[in-house]
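A.B. asks: Following this message is one structure expressed as structure tokens.
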Amino acid sequence: MKERLQKVTRKGWIAAGIWCGIYIAFIVWLAWDDPASLGWLALLPVIADAFTTKYINWSWWRKYKPAGKGEPENPQAKPGLYTLCSWIDAIVFALIAVYFINLYIFQNYQIPSSSLEKSLRVGDFLFVSKMSYGARVPNTPLSMPLMQHTWPKWLGGGKSYFDNPHWDYKRLRGWDSPHKGDIVVFNFPAGDTVCLKMQNPDYYTLCHYYGAQVVNKRKDIFGDIVVRPVDRRENYVKRCVGEPGDSLKVVNNLVWTKVMNEDWQVEPSLEGVQLNYLVRTDGHLLSRTYLDKIGVSHDDQHQIEPGLYHFPMTEKMRAELEKNPHVVSVEVEPEQAGGAVYPLGQTDWTRDNYGPIYIPRKGDRLLITVDNYPIYRRIAEAYEFKPMRIGDEYEFDMNYYWMQGDNRHNSADSRYWGFVPEDHIVGRPAFIWLSIEKDKPWFRGHIRWNRLGKAAQK
């Protein structure tokens, strides 16, 4: 032991100090609300040994290194084995590093849909902080980094994670929680059960329209039906408009909230909020160039018939369009186009006029009635896994949130699938590190340089 210690270089001691410090900080974070996790400190000597005494010879394969220029020949040299082990060592280290960074520190996320236009654009790549709200300990720890739930088709498809071991929900200490106005990344609550051939709309909406028996039997149309754990459901990004303990309602597309016996408060004006409009002209053609100039993306530019258009706009865009002398009228799209809302088939609420509804807070006790049972039934059955009966007081085990897109008429959000449980919260988008406009060529606007580094929260 003494001889080994004498051979340790200053560089080795420094490396051991840095990595042991990082490991101790991580374990303390892990054990903040769970002291039993301090037991992981037992691995500290193993980490120190890797950089100092090296009783565990992790780099045994280095003895097969062939001689370099100016070095004496190595009689044990095995170039092929050395090269193979070098690649394996680098790949394993990279995968482990990516795994822990992706789980506990930050995650890359690409905006796939227009539900948050113009706040976040399709093609924006986000740096999502997992430390802001506290990183979750994974439910399925054995998984492939950077793959949410499925291997790419060229690698055979199939699940990219193992169902076992399965860990219960635990969130590490963060410095904040989601508040009204925050843009939040979360796992899709209705994504627990998925029809592989028809994933949009979700399984429960398909059952509502076609019947559960048809959806479960017609694999030729809907495909196999799979069940996914919380951390392997699709990632969604929306704006939090209701916190635990709030009552919420939507009146003519405006969100109103109140806490306890306080007065109703309308949501603050947001520059990026959009509604769908029917635009009628005097027969004049609104060119793609003109619509692109006022901010209507190519994918949103729909001409129903000559002189009649349909697309989403913010108030600012609407005001600009109304200045056009050829525009005769600009009217909000009728709300019956919104489809069925949550709880499916149980109320006369609509997309534009919804609620009021109470958003549960952890520890709340609520009397379950015939009227509110359809609203809270899914919480008991799918999120908290305990009985809920009409006439009983139900105690909620988690905090819940209400999420909506800024593009209010083009957003599948809480109005359609209900509450977002706290164990589904992934993280808080921090900033945009890349933004791509797919409709434009590489050297003429394909990269939106003005969005790089822009804060994702506004």
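All residue names refer to the structure tokens as shown: chains lettered A, B, ... in order, residues numbered from 1 in each chain, ligands numbered from 1 in order.
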Name all residues at most 6 Å from stretch 401-412 of chain A (count only C-alpha atoms; drop same-chain ones fewer than 6 positions away) and give them as a list in words.

C.D. replies: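 The neighbour list is Ser115, Leu116, Glu117, Lys238, Arg239, Cys240, Val241, Gly242, Glu243, Pro244, Val273, Gln274, Leu275, Asn276, Phe419 and Val420 of chain A.
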
A.B. asks: Keeping C-alpha atoms, export the residues of the selection given above as an mmCIF file, in the first residue's frame.

C.D. replies:
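What ended up in out08.cif:
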```cif
data_model
loop_
_atom_site.group_PDB
_atom_site.id
_atom_site.type_symbol
_atom_site.label_atom_id
_atom_site.label_comp_id
_atom_site.auth_asym_id
_atom_site.auth_seq_id
_atom_site.Cartn_x
_atom_site.Cartn_y
_atom_site.Cartn_z
ATOM 1 C CA SER A 115 -48.436 24.924 -29.999
ATOM 2 C CA LEU A 116 -46.208 27.669 -28.552
ATOM 3 C CA GLU A 117 -45.829 29.847 -31.640
ATOM 4 C CA LYS A 238 -46.489 24.066 -22.871
ATOM 5 C CA ARG A 239 -47.014 27.106 -20.675
ATOM 6 C CA CYS A 240 -48.189 26.645 -17.097
ATOM 7 C CA VAL A 241 -51.405 28.662 -16.695
ATOM 8 C CA GLY A 242 -52.655 27.076 -13.448
ATOM 9 C CA GLU A 243 -50.830 26.040 -10.267
ATOM 10 C CA PRO A 244 -51.817 23.603 -7.508
ATOM 11 C CA VAL A 273 -50.624 34.090 -27.746
ATOM 12 C CA GLN A 274 -52.335 33.216 -31.041
ATOM 13 C CA LEU A 275 -55.866 32.374 -32.136
ATOM 14 C CA ASN A 276 -57.127 31.001 -35.437
ATOM 15 C CA PHE A 419 -54.037 17.666 -15.300
ATOM 16 C CA VAL A 420 -50.243 17.320 -15.387
#
```

A.B. asks: What's around stretch 257-266 of chain A at 9 Å? Count only C-alpha atoms, leave out sequence neighbours fewer than 6 positions away in its own chain, and write the answer as a PyMOL selection string.

C.D. replies: chain A and resi 241-242+245-250+356

A.B. asks: Which residue out of A:Gly123, A:Gln148, A:His166, A:Thr140 has the minimum interatomic distance to A:Ser297 when only C-alpha atoms are used?

C.D. replies: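 Closest to A:Ser297 of all the choices is A:Gly123.
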
A.B. asks: Would you please give, as a compact mmCIF listing (two decimals) with N, CA and C atoms, in the first residue's frame, all residues of stretch 66-123 of chain A that DSSP assigns to strand (DSSP E) based on the backbone?

C.D. replies:
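New file selection.txt:
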```txt
# COMPACT_ATOMS: atom_id res chain seq x y z
N PHE A 106 -29.12 18.63 -17.65
CA PHE A 106 -29.87 19.28 -18.73
C PHE A 106 -30.18 18.28 -19.82
N GLN A 107 -31.12 18.65 -20.65
CA GLN A 107 -31.55 17.81 -21.77
C GLN A 107 -31.79 18.70 -22.98
N ASN A 108 -31.44 18.19 -24.14
CA ASN A 108 -31.75 18.90 -25.38
C ASN A 108 -33.18 18.56 -25.79
N TYR A 109 -33.91 19.55 -26.26
CA TYR A 109 -35.30 19.32 -26.68
C TYR A 109 -35.59 20.15 -27.92
N GLN A 110 -36.19 19.52 -28.92
CA GLN A 110 -36.56 20.22 -30.15
C GLN A 110 -38.07 20.47 -30.17
```

A.B. asks: I need the residue nearest A:Ala90 from this list: A:Ser119, A:Gln76, A:Ser129, A:Ser59. Use only C-alpha atoms for the distance.

C.D. replies: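 Nearest candidate to A:Ala90 out of A:Ser119, A:Gln76, A:Ser129, A:Ser59: A:Ser59.
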
A.B. asks: Could you tell me, as a list in words, which residues of stretch 215-283 of chain A DSSP assigns to helix (DSSP H, G or I) when given the backbone?

C.D. replies: Val215, Asn216, Lys217, Lys219, Asp220, Ile221, Phe222, Val230, Asp231 and Arg232 of chain A
